[in-house]
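S.K.: Please read through the structure below; I'll follow up with questions.
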Amino acid sequence: MRVGVVTFPGSLDDVDARRAVRFGGHEAVALWHGDHDLQGVDAVVLPGGFSYGDYLRCGAISRFAPVMTEVIEAAGKGMPVLGICNGFQILCESHLLPGALIRNDHRKFNCVDQRLRIERVDTPWTSAYSAGQEVTVVLKNGEGGYVASEEVLDRLEGEGRVVARYLGDNPNGSLRDIAGISNERGNVVGLMPHPEHAVEDLCGPGTDGLGFFTSLAAAAFA
Amino acid sequence: MARYVVDVMPKPEILDPQGKAVLGALPRLGFAGVVEVRQGKRFEVEIEGDATPDSLAEVQQMAETLLSNPVIEDYEVHLA
């Protein structure tokens with residue numbers, strides 16, 4: 001598959017995300033925030049970083065970047081979209097996912113190897129995992145606290161839309177230990193930890209993150 | 001020129017870590033008796049022409065779509 005990775009001004013992890021896409025067996029296509037063009041890709045990754053310097057609110061300005069018009073439209077038609085860290089914040093600001101991400105409750109930037117439990121595995125980004133599988137990937141964020149109303153949280157849990165949950169100490173104050181969620185259909189997934197930094201043994205905590213990028217192929221042939 | 005002020009505050013039920021940091025610093029500076037600090041944002045928006053219901057509605061629209069995130073923040077618009 002051809003997987004687009006959007007670069008916004010201030011994106012940090014776009015190159016790692018493209019590399020992870022290639023490790024997952026796909027062609028990585030660099031997309032530019034200022035273009036109204038997805039170049040015919042089959043899926044899109046919104047990478048981590050500090051787009052627009054996190055000015056106003058994380059993701060608030062990127063949400064109105066030209067390329068987001070096409071991303072939102074394609075997501076509505078079922079195209080797989082994965083937002084990692086800042087990408088998750090952009091998806092929430094775009095209302096493609098409910099809730100919001102606020103500053104960590106302990107007010108410090110986190111950079112740790114984080115254990116997670118993958119809970120929803122019927123999405124195009126997580127089908128390579130088994131339900132309940134425990135993985136370790138990098139978590140690095142200053143504003144990673146997931147918040148939503150009790151009603152929204154209950155609905156997410158009731159509909160099985162919590163994709164990943166933190167294990168061990170809650171690293172950022174996210175309500176109900178939520179590390180990642182999906183939309184109803186499952187094609188749009190937002191994740192605060194960084195699977196793209198855990199795709200090879202040379203660096204990072206292992207290869208547990210690779211499944212997010214190999215899942216696409218599994219989904220395509222399912 | 002019409003000048004509007006948009007005040008944006010975190011919703012009461014949303015944790016405000018920045019306000020908490022300020023709250024923690026004040027006693028160290030000798031300000032006793034402070035029980036709560038919430039930190040928000042203030043925007044000053046200037047619009048061409050006189051203040052009209054239309055321009056007020058436009059600023060409210062800005063507050064709703066960009067200046068605030070209604071999931072976690074409340075906003076108020078008033079003339080400066």
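All residue names refer to the structure tokens as shown: chains lettered A, B, ... in order, residues numbered from 1 in each chain, ligands numbered from 1 in order.
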Run DSSP on the backbone of this structure and report the residues of segment 6-78 of chain B it assigns to alpha helix (DSSP H), as a count of residues only.
M.R.: 22
S.K.: What residues in chain B lie within 9 Å of chain A, counting only C-alpha atoms, written as JSON, numbers by chain?
M.R.: {"B": [14, 15, 16, 17, 18, 21, 66, 67, 68, 69, 71, 72]}
S.K.: Using only C-alpha atoms, which protein or nucleic acid residues come within 10 Å of segment 31-34 of chain A? Drop anything in the same chain fewer than 4 positions from it, and give the result as a list in words.
M.R.: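 So, after excluding close chain neighbours, the residues are Val3, Gly4, Val5, Val6, Thr7, Phe8, Pro9, Asp14, Leu38, Gln39, Val41, Val44, Val45, Leu46, Ser62, Arg63, Phe64, Ala65, Pro66, Val67 and Met68 of chain A.
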S.K.: Name the residues in contact with Val162 of chain A at a cut-off of 9 Å, using only C-alpha atoms, excluding same-chain residues fewer than 5 positions from it; report them as a ChimeraX atom specification.
M.R.: /A:118-120,156-157,178-182
S.K.: Using only C-alpha atoms, which protein or nucleic acid residues come within 10 Å of Glu44 of chain B? Drop anything in the same chain fewer than 6 positions from it, and give the result as a PyMOL selection string.
M.R.: chain B and resi 3-7+77-80
S.K.: Run DSSP on the backbone and tell me which residues of segment 24-54 of chain B come out as strand (DSSP E); list them as a ChimeraX atom specification.
M.R.: /B:41-47
S.K.: Pull C-alpha atoms from the residues just selected and write them as an mmCIF file, in the first residue's frame.
M.R.:
```cif
data_model
loop_
_atom_site.group_PDB
_atom_site.id
_atom_site.type_symbol
_atom_site.label_atom_id
_atom_site.label_comp_id
_atom_site.auth_asym_id
_atom_site.auth_seq_id
_atom_site.Cartn_x
_atom_site.Cartn_y
_atom_site.Cartn_z
ATOM 1 C CA LYS B 41 -6.198 33.124 27.667
ATOM 2 C CA ARG B 42 -7.301 36.581 26.583
ATOM 3 C CA PHE B 43 -7.540 37.532 22.911
ATOM 4 C CA GLU B 44 -8.058 41.072 21.620
ATOM 5 C CA VAL B 45 -9.586 41.075 18.167
ATOM 6 C CA GLU B 46 -9.933 44.232 16.092
ATOM 7 C CA ILE B 47 -12.495 44.309 13.304
#
```
S.K.: Calculated over only C-alpha atoms, which of the candidates A:Ser215, A:Thr123, A:Asn170, A:Gln133 has the smallest distance to Gly78 of chain A?
M.R.: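 Checking each candidate against Gly78 of chain A, we get A:Thr123 as the closest.
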S.K.: Write out as a list in words the residues lying within 8 Å of Asn187 of chain A, counting only C-alpha atoms and excluding same-chain residues fewer than 2 positions away.
M.R.: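 Non-adjacent residues within range: Ala75, Gly78, Met79, Pro80, Val81, Thr123, Pro124, Trp125, Ser182, Asn183, Arg185 and Val189 of chain A.
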